[in-house]
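As stored in query_6.cif (mmCIF, C-alpha atoms and all ligand atoms; chains and numbers go by the auth columns):
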```cif
data_input
loop_
_atom_site.group_PDB
_atom_site.id
_atom_site.type_symbol
_atom_site.label_atom_id
_atom_site.label_comp_id
_atom_site.label_asym_id
_atom_site.label_seq_id
_atom_site.Cartn_x
_atom_site.Cartn_y
_atom_site.Cartn_z
_atom_site.B_iso_or_equiv
_atom_site.auth_seq_id
_atom_site.auth_asym_id
ATOM 1 C CA MET A 1 183.191 -76.141 245.752 0.00 1 A
ATOM 2 C CA LEU A 2 184.333 -77.322 242.354 0.00 2 A
ATOM 3 C CA GLY A 3 182.286 -74.736 240.461 0.00 3 A
ATOM 4 C CA VAL A 4 183.719 -71.907 242.517 0.00 4 A
ATOM 5 C CA PHE A 5 187.257 -73.321 242.068 0.00 5 A
ATOM 6 C CA TYR A 6 186.860 -73.244 238.301 0.00 6 A
ATOM 7 C CA GLY A 7 185.359 -69.767 238.407 0.00 7 A
ATOM 8 C CA TYR A 8 181.838 -70.615 237.263 0.00 8 A
ATOM 9 C CA LEU A 9 178.777 -72.062 238.924 0.00 9 A
ATOM 10 C CA HIS A 10 177.978 -75.530 237.640 0.00 10 A
ATOM 11 C CA PRO A 11 174.259 -76.325 238.235 0.00 11 A
ATOM 12 C CA LEU A 12 175.112 -79.356 240.391 0.00 12 A
ATOM 13 C CA SER A 13 177.296 -77.287 242.722 0.00 13 A
ATOM 14 C CA MET A 14 174.482 -74.770 243.265 0.00 14 A
ATOM 15 C CA ASP A 15 173.197 -75.225 246.801 0.00 15 A
ATOM 16 C CA VAL A 16 169.463 -74.553 246.971 0.00 16 A
ATOM 17 C CA ARG A 17 168.345 -74.702 250.580 0.00 17 A
ATOM 18 C CA VAL A 18 164.812 -75.706 251.572 0.00 18 A
ATOM 19 C CA LEU A 19 163.220 -75.450 255.026 0.00 19 A
ATOM 20 C CA PHE A 20 159.989 -77.342 255.766 0.00 20 A
ATOM 21 C CA VAL A 21 157.803 -75.872 258.495 0.00 21 A
ATOM 22 C CA CYS A 22 154.864 -77.230 260.510 0.00 22 A
ATOM 23 C CA LEU A 23 153.637 -76.493 264.027 0.00 23 A
ATOM 24 C CA GLY A 24 155.484 -78.975 266.253 0.00 24 A
ATOM 25 C CA ASN A 25 158.245 -80.311 263.933 0.00 25 A
ATOM 26 C CA ILE A 26 157.507 -83.862 265.050 0.00 26 A
ATOM 27 C CA CYS A 27 154.969 -85.054 262.417 0.00 27 A
ATOM 28 C CA ARG A 28 154.496 -83.326 259.060 0.00 28 A
ATOM 29 C CA SER A 29 157.653 -81.286 258.461 0.00 29 A
ATOM 30 C CA PRO A 30 160.087 -84.056 259.509 0.00 30 A
ATOM 31 C CA MET A 31 158.200 -86.361 257.111 0.00 31 A
ATOM 32 C CA ALA A 32 158.461 -83.740 254.352 0.00 32 A
ATOM 33 C CA GLU A 33 162.169 -83.190 255.108 0.00 33 A
ATOM 34 C CA HIS A 34 163.078 -86.872 254.903 0.00 34 A
ATOM 35 C CA VAL A 35 160.794 -87.730 251.975 0.00 35 A
ATOM 36 C CA PHE A 36 161.981 -84.699 249.968 0.00 36 A
ATOM 37 C CA ARG A 37 165.615 -85.589 250.727 0.00 37 A
ATOM 38 C CA SER A 38 165.078 -89.119 249.400 0.00 38 A
ATOM 39 C CA VAL A 39 163.326 -87.816 246.247 0.00 39 A
ATOM 40 C CA VAL A 40 166.236 -85.399 245.686 0.00 40 A
ATOM 41 C CA ALA A 41 168.702 -88.279 246.163 0.00 41 A
ATOM 42 C CA GLU A 42 166.801 -90.449 243.634 0.00 42 A
ATOM 43 C CA GLU A 43 167.307 -87.652 241.103 0.00 43 A
ATOM 44 C CA GLY A 44 171.042 -87.416 241.908 0.00 44 A
ATOM 45 C CA LEU A 45 170.696 -83.862 243.216 0.00 45 A
ATOM 46 C CA SER A 46 171.768 -84.280 246.863 0.00 46 A
ATOM 47 C CA ARG A 47 174.685 -81.893 246.469 0.00 47 A
ATOM 48 C CA ALA A 48 172.608 -79.258 244.696 0.00 48 A
ATOM 49 C CA ILE A 49 169.515 -79.211 246.919 0.00 49 A
ATOM 50 C CA THR A 50 169.579 -79.628 250.699 0.00 50 A
ATOM 51 C CA CYS A 51 166.805 -79.390 253.267 0.00 51 A
ATOM 52 C CA GLU A 52 165.941 -79.188 256.958 0.00 52 A
ATOM 53 C CA SER A 53 162.728 -78.769 258.944 0.00 53 A
ATOM 54 C CA CYS A 54 161.461 -76.889 261.975 0.00 54 A
ATOM 55 C CA GLY A 55 158.255 -75.862 263.743 0.00 55 A
ATOM 56 C CA THR A 56 156.594 -72.553 264.532 0.00 56 A
ATOM 57 C CA ALA A 57 155.940 -73.640 268.141 0.00 57 A
ATOM 58 C CA SER A 58 158.368 -74.567 270.885 0.00 58 A
ATOM 59 C CA TYR A 59 156.412 -77.431 272.543 0.00 59 A
ATOM 60 C CA HIS A 60 158.580 -80.247 271.210 0.00 60 A
ATOM 61 C CA ILE A 61 162.064 -78.710 270.809 0.00 61 A
ATOM 62 C CA GLY A 62 164.754 -81.409 271.100 0.00 62 A
ATOM 63 C CA GLU A 63 162.341 -84.335 270.646 0.00 63 A
ATOM 64 C CA PRO A 64 162.635 -87.008 267.950 0.00 64 A
ATOM 65 C CA PRO A 65 159.806 -87.341 265.404 0.00 65 A
ATOM 66 C CA ASP A 66 156.518 -88.786 266.692 0.00 66 A
ATOM 67 C CA ARG A 67 157.000 -92.584 266.764 0.00 67 A
ATOM 68 C CA ARG A 68 154.005 -93.056 264.430 0.00 68 A
ATOM 69 C CA ALA A 69 155.628 -90.745 261.860 0.00 69 A
ATOM 70 C CA ALA A 70 158.956 -92.571 262.286 0.00 70 A
ATOM 71 C CA ARG A 71 157.211 -95.929 261.811 0.00 71 A
ATOM 72 C CA VAL A 72 155.472 -94.901 258.582 0.00 72 A
ATOM 73 C CA MET A 73 158.751 -93.547 257.222 0.00 73 A
ATOM 74 C CA ALA A 74 160.557 -96.767 258.184 0.00 74 A
ATOM 75 C CA VAL A 75 157.874 -98.813 256.384 0.00 75 A
ATOM 76 C CA HIS A 76 158.733 -96.801 253.272 0.00 76 A
ATOM 77 C CA GLY A 77 162.488 -97.289 253.782 0.00 77 A
ATOM 78 C CA ILE A 78 163.254 -93.830 255.171 0.00 78 A
ATOM 79 C CA ASP A 79 165.351 -93.417 258.321 0.00 79 A
ATOM 80 C CA CYS A 80 164.776 -90.312 260.459 0.00 80 A
ATOM 81 C CA SER A 81 166.564 -91.466 263.614 0.00 81 A
ATOM 82 C CA GLY A 82 168.909 -88.468 263.897 0.00 82 A
ATOM 83 C CA LYS A 83 166.175 -85.849 263.652 0.00 83 A
ATOM 84 C CA ARG A 84 165.421 -83.585 266.631 0.00 84 A
ATOM 85 C CA ALA A 85 162.757 -80.879 266.644 0.00 85 A
ATOM 86 C CA SER A 86 163.673 -77.196 266.469 0.00 86 A
ATOM 87 C CA ARG A 87 161.855 -73.897 266.145 0.00 87 A
ATOM 88 C CA ILE A 88 162.077 -71.428 263.264 0.00 88 A
ATOM 89 C CA ARG A 89 164.597 -68.572 263.793 0.00 89 A
ATOM 90 C CA PRO A 90 164.868 -65.133 262.172 0.00 90 A
ATOM 91 C CA SER A 91 168.195 -66.173 260.549 0.00 91 A
ATOM 92 C CA ASP A 92 166.334 -68.925 258.647 0.00 92 A
ATOM 93 C CA PHE A 93 164.977 -66.239 256.324 0.00 93 A
ATOM 94 C CA ASP A 94 168.586 -65.556 255.226 0.00 94 A
ATOM 95 C CA ASP A 95 169.790 -69.139 255.339 0.00 95 A
ATOM 96 C CA PHE A 96 167.085 -70.763 253.200 0.00 96 A
ATOM 97 C CA ASP A 97 165.891 -70.121 249.639 0.00 97 A
ATOM 98 C CA TYR A 98 162.490 -71.802 250.047 0.00 98 A
ATOM 99 C CA ILE A 99 160.480 -71.963 253.274 0.00 99 A
ATOM 100 C CA VAL A 100 157.737 -74.523 252.667 0.00 100 A
ATOM 101 C CA CYS A 101 154.799 -74.604 255.068 0.00 101 A
ATOM 102 C CA MET A 102 152.462 -77.532 255.718 0.00 102 A
ATOM 103 C CA ASP A 103 149.244 -75.537 256.165 0.00 103 A
ATOM 104 C CA GLY A 104 147.733 -72.073 256.021 0.00 104 A
ATOM 105 C CA TYR A 105 148.286 -71.431 259.733 0.00 105 A
ATOM 106 C CA ASN A 106 151.995 -72.190 259.392 0.00 106 A
ATOM 107 C CA LEU A 107 152.110 -69.922 256.327 0.00 107 A
ATOM 108 C CA ASP A 108 150.498 -67.012 258.201 0.00 108 A
ATOM 109 C CA ASP A 109 152.846 -67.514 261.175 0.00 109 A
ATOM 110 C CA VAL A 110 155.949 -67.681 258.989 0.00 110 A
ATOM 111 C CA LEU A 111 154.949 -64.634 256.931 0.00 111 A
ATOM 112 C CA SER A 112 154.340 -62.659 260.131 0.00 112 A
ATOM 113 C CA MET A 113 157.914 -63.472 261.263 0.00 113 A
ATOM 114 C CA ALA A 114 159.625 -62.605 257.969 0.00 114 A
ATOM 115 C CA PRO A 115 162.145 -59.765 258.399 0.00 115 A
ATOM 116 C CA PRO A 116 161.700 -56.848 255.960 0.00 116 A
ATOM 117 C CA GLY A 117 163.517 -57.494 252.691 0.00 117 A
ATOM 118 C CA SER A 118 163.663 -61.274 253.190 0.00 118 A
ATOM 119 C CA LYS A 119 164.416 -62.968 249.860 0.00 119 A
ATOM 120 C CA ALA A 120 163.311 -66.454 250.907 0.00 120 A
ATOM 121 C CA VAL A 121 160.358 -67.781 248.908 0.00 121 A
ATOM 122 C CA VAL A 122 157.640 -68.616 251.459 0.00 122 A
ATOM 123 C CA THR A 123 155.115 -71.107 250.115 0.00 123 A
ATOM 124 C CA THR A 124 153.027 -74.199 250.956 0.00 124 A
ATOM 125 C CA LEU A 125 153.838 -77.805 250.034 0.00 125 A
ATOM 126 C CA LEU A 126 150.379 -78.398 248.522 0.00 126 A
ATOM 127 C CA ASP A 127 147.758 -76.036 247.123 0.00 127 A
ATOM 128 C CA GLY A 128 145.693 -76.901 250.198 0.00 128 A
ATOM 129 C CA ASP A 129 146.786 -78.084 253.648 0.00 129 A
ATOM 130 C CA VAL A 130 148.764 -81.213 254.519 0.00 130 A
ATOM 131 C CA ASP A 131 146.430 -82.911 257.012 0.00 131 A
ATOM 132 C CA ASP A 132 147.905 -82.872 260.505 0.00 132 A
ATOM 133 C CA PRO A 133 148.187 -86.529 261.639 0.00 133 A
ATOM 134 C CA TRP A 134 148.615 -85.338 265.235 0.00 134 A
ATOM 135 C CA TYR A 135 144.855 -84.807 265.065 0.00 135 A
ATOM 136 C CA THR A 136 143.761 -87.263 262.325 0.00 136 A
ATOM 137 C CA GLY A 137 145.991 -90.204 263.361 0.00 137 A
ATOM 138 C CA ASP A 138 146.355 -91.031 259.642 0.00 138 A
ATOM 139 C CA PHE A 139 150.125 -90.956 259.133 0.00 139 A
ATOM 140 C CA GLU A 140 149.940 -92.965 255.885 0.00 140 A
ATOM 141 C CA ARG A 141 147.775 -90.276 254.357 0.00 141 A
ATOM 142 C CA THR A 142 150.251 -87.617 255.456 0.00 142 A
ATOM 143 C CA PHE A 143 153.050 -89.683 253.931 0.00 143 A
ATOM 144 C CA ARG A 144 151.194 -89.790 250.604 0.00 144 A
ATOM 145 C CA GLU A 145 150.540 -86.050 250.729 0.00 145 A
ATOM 146 C CA VAL A 146 154.152 -85.121 251.506 0.00 146 A
ATOM 147 C CA SER A 147 155.337 -87.520 248.764 0.00 147 A
ATOM 148 C CA THR A 148 153.103 -85.864 246.179 0.00 148 A
ATOM 149 C CA GLY A 149 154.101 -82.412 247.408 0.00 149 A
ATOM 150 C CA SER A 150 157.812 -83.255 247.447 0.00 150 A
ATOM 151 C CA ARG A 151 157.808 -84.348 243.806 0.00 151 A
ATOM 152 C CA ALA A 152 155.936 -81.204 242.756 0.00 152 A
ATOM 153 C CA LEU A 153 158.285 -79.012 244.811 0.00 153 A
ATOM 154 C CA LEU A 154 161.350 -80.590 243.245 0.00 154 A
ATOM 155 C CA GLU A 155 159.937 -79.957 239.759 0.00 155 A
ATOM 156 C CA ARG A 156 159.253 -76.345 240.700 0.00 156 A
ATOM 157 C CA ILE A 157 162.768 -75.793 242.072 0.00 157 A
ATOM 158 C CA ARG A 158 164.363 -77.408 239.025 0.00 158 A
ATOM 159 C CA ARG A 159 162.317 -75.160 236.751 0.00 159 A
ATOM 160 C CA GLU A 160 162.941 -71.979 238.713 0.00 160 A
ATOM 161 C CA ARG A 161 166.664 -72.607 239.311 0.00 161 A
ATOM 162 C CA GLY A 162 167.456 -74.233 235.997 0.00 162 A
ATOM 163 C CA ILE A 163 168.747 -77.417 237.602 0.00 163 A
HETATM 164 P P1 LIG B . 153.096 -81.258 263.463 0.00 201 A
HETATM 165 O O1 LIG B . 151.943 -81.901 264.379 0.00 201 A
HETATM 166 O O2 LIG B . 152.886 -79.762 263.456 0.00 201 A
HETATM 167 O O3 LIG B . 152.850 -81.872 262.126 0.00 201 A
HETATM 168 O O4 LIG B . 154.437 -81.662 264.072 0.00 201 A
HETATM 169 C C1 LIG B . 151.697 -81.478 265.671 0.00 201 A
HETATM 170 C C2 LIG B . 152.523 -81.900 266.699 0.00 201 A
HETATM 171 C C3 LIG B . 152.255 -81.509 267.996 0.00 201 A
HETATM 172 C C4 LIG B . 151.155 -80.688 268.258 0.00 201 A
HETATM 173 C C5 LIG B . 150.355 -80.264 267.228 0.00 201 A
HETATM 174 C C6 LIG B . 150.616 -80.655 265.925 0.00 201 A
HETATM 175 N N1 LIG B . 150.882 -80.294 269.602 0.00 201 A
HETATM 176 O O5 LIG B . 149.861 -79.614 269.800 0.00 201 A
HETATM 177 O O6 LIG B . 151.658 -80.623 270.510 0.00 201 A
#
```

Show me the file's structure as structure tokens.
Ligand code: 4NP
Amino acid sequence: MLGVFYGYLHPLSMDVRVLFVCLGNICRSPMAEHVFRSVVAEEGLSRAITCESCGTASYHIGEPPDRRAARVMAVHGIDCSGKRASRIRPSDFDDFDYIVCMDGYNLDDVLSMAPPGSKAVVTTLLDGDVDDPWYTGDFERTFREVSTGSRALLERIRRERGI
């Protein structure tokens, strides 16, 4: 990277890595991943902050996002066609700086998997839970919640990392 080449770390060459986590990785966390990525791009920070998503459960590994989630994202101009579901791995606690959970159950599951000494910040996207549209059917509401949460998360990361 340019910053490394010149012997100092320019803020825009700092790679902050964010992992969004829900249960199945087909509804909420893929929406958070793609919405957050577009918010980061709007701010011109795509090279400084990158993100992925995964689930705590294995039910849907390899599947694309739920078609209702994909449709709501498409309505808002966000393409998620390349996304395939995966499950959280122990190495994620080394590979990511922020692990951002969609609800309190995900948070408990992720914290129970964290290896001793893990430096990743484990947190939730909102102060409360992101409603699970798998059960509510309200994907627009989930889109609004992940949009609000993504903007707040980006502000937090910028503040904490001085970006
Ligand atoms: P997600 O939603 O965790 O937001 O991806 C769910 C997807 C699938 C199931 C539950 C929640 N499921 O039970 O298969």

Contact residues around A:Ala114 with only C-alpha atoms at 10 Å, ignoring same-chain residues under 4 positions, as a list of chain:residue names:
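The residues that qualify are A:Arg89, A:Pro90, A:Ser91, A:Asp92, A:Phe93, A:Asp94, A:Asp109, A:Val110, A:Ser118, A:Lys119, A:Ala120, A:Val122.
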
When the PyMOL selection byres (((chain A and resi 81) around 9) and not hetatm) is applied to the file above, which residues end up in the set, as a list in words?
Pro64, Pro65, Ala70, Asp79, Cys80, Gly82, Lys83 and Arg84 of chain A

Write as a list in words the residues around ligand LIG 201 (chain A), taking 7 Å as the cut-off and counting only C-alpha atoms and all ligand atoms.
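Sorted by chain and then by number, the residues are Cys22, Leu23, Gly24, Asn25, Ile26, Cys27, Arg28, Ser29, Gly55, Tyr59, His60, Asp132, Pro133 and Trp134 of chain A.
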
Find the residue from A:Thr124, A:Thr136, A:Ser46, A:Tyr105 that sits nearest to A:Leu153; use only C-alpha atoms when measuring.
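Using only C-alpha atoms, the shortest distance to A:Leu153 belongs to A:Thr124.
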
To verify the selection step, state as a compact mmCIF listing (two decimals) with C-alpha atoms, in the coordinates of the input which residues the PyMOL selection byres (((chain A and resi 130) around 9) and not hetatm) yields on this input.
```
# COMPACT_ATOMS: atom_id res chain seq x y z
CA ARG A 28 154.50 -83.33 259.06
CA CYS A 101 154.80 -74.60 255.07
CA MET A 102 152.46 -77.53 255.72
CA ASP A 103 149.24 -75.54 256.17
CA THR A 124 153.03 -74.20 250.96
CA LEU A 125 153.84 -77.81 250.03
CA LEU A 126 150.38 -78.40 248.52
CA GLY A 128 145.69 -76.90 250.20
CA ASP A 129 146.79 -78.08 253.65
CA ASP A 131 146.43 -82.91 257.01
CA ASP A 132 147.90 -82.87 260.50
CA PRO A 133 148.19 -86.53 261.64
CA THR A 142 150.25 -87.62 255.46
CA GLU A 145 150.54 -86.05 250.73
CA VAL A 146 154.15 -85.12 251.51
CA GLY A 149 154.10 -82.41 247.41
```

Which is closest to A:Ala57 among A:Ile99, A:Ile88, A:Leu107, A:Ile163, if we use only C-alpha atoms?
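Of the candidates, the smallest distance to A:Ala57 is held by A:Ile88.
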
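Interatomic distance, atom CA of A:Tyr98 against atom CA of A:Phe143: 20.6 Å.
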
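For the set A:Thr56, A:Thr50, A:Ser38, A:Ser150, the residue with the smallest atom-to-atom gap to A:Ser86 is A:Thr56, counting all atoms listed in the file.
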
Out of A:Val75, A:Gly162, A:Phe139, A:Val16, which residue has the shortest atom-to-atom distance to A:Val40 when counting only C-alpha atoms?
A:Val16
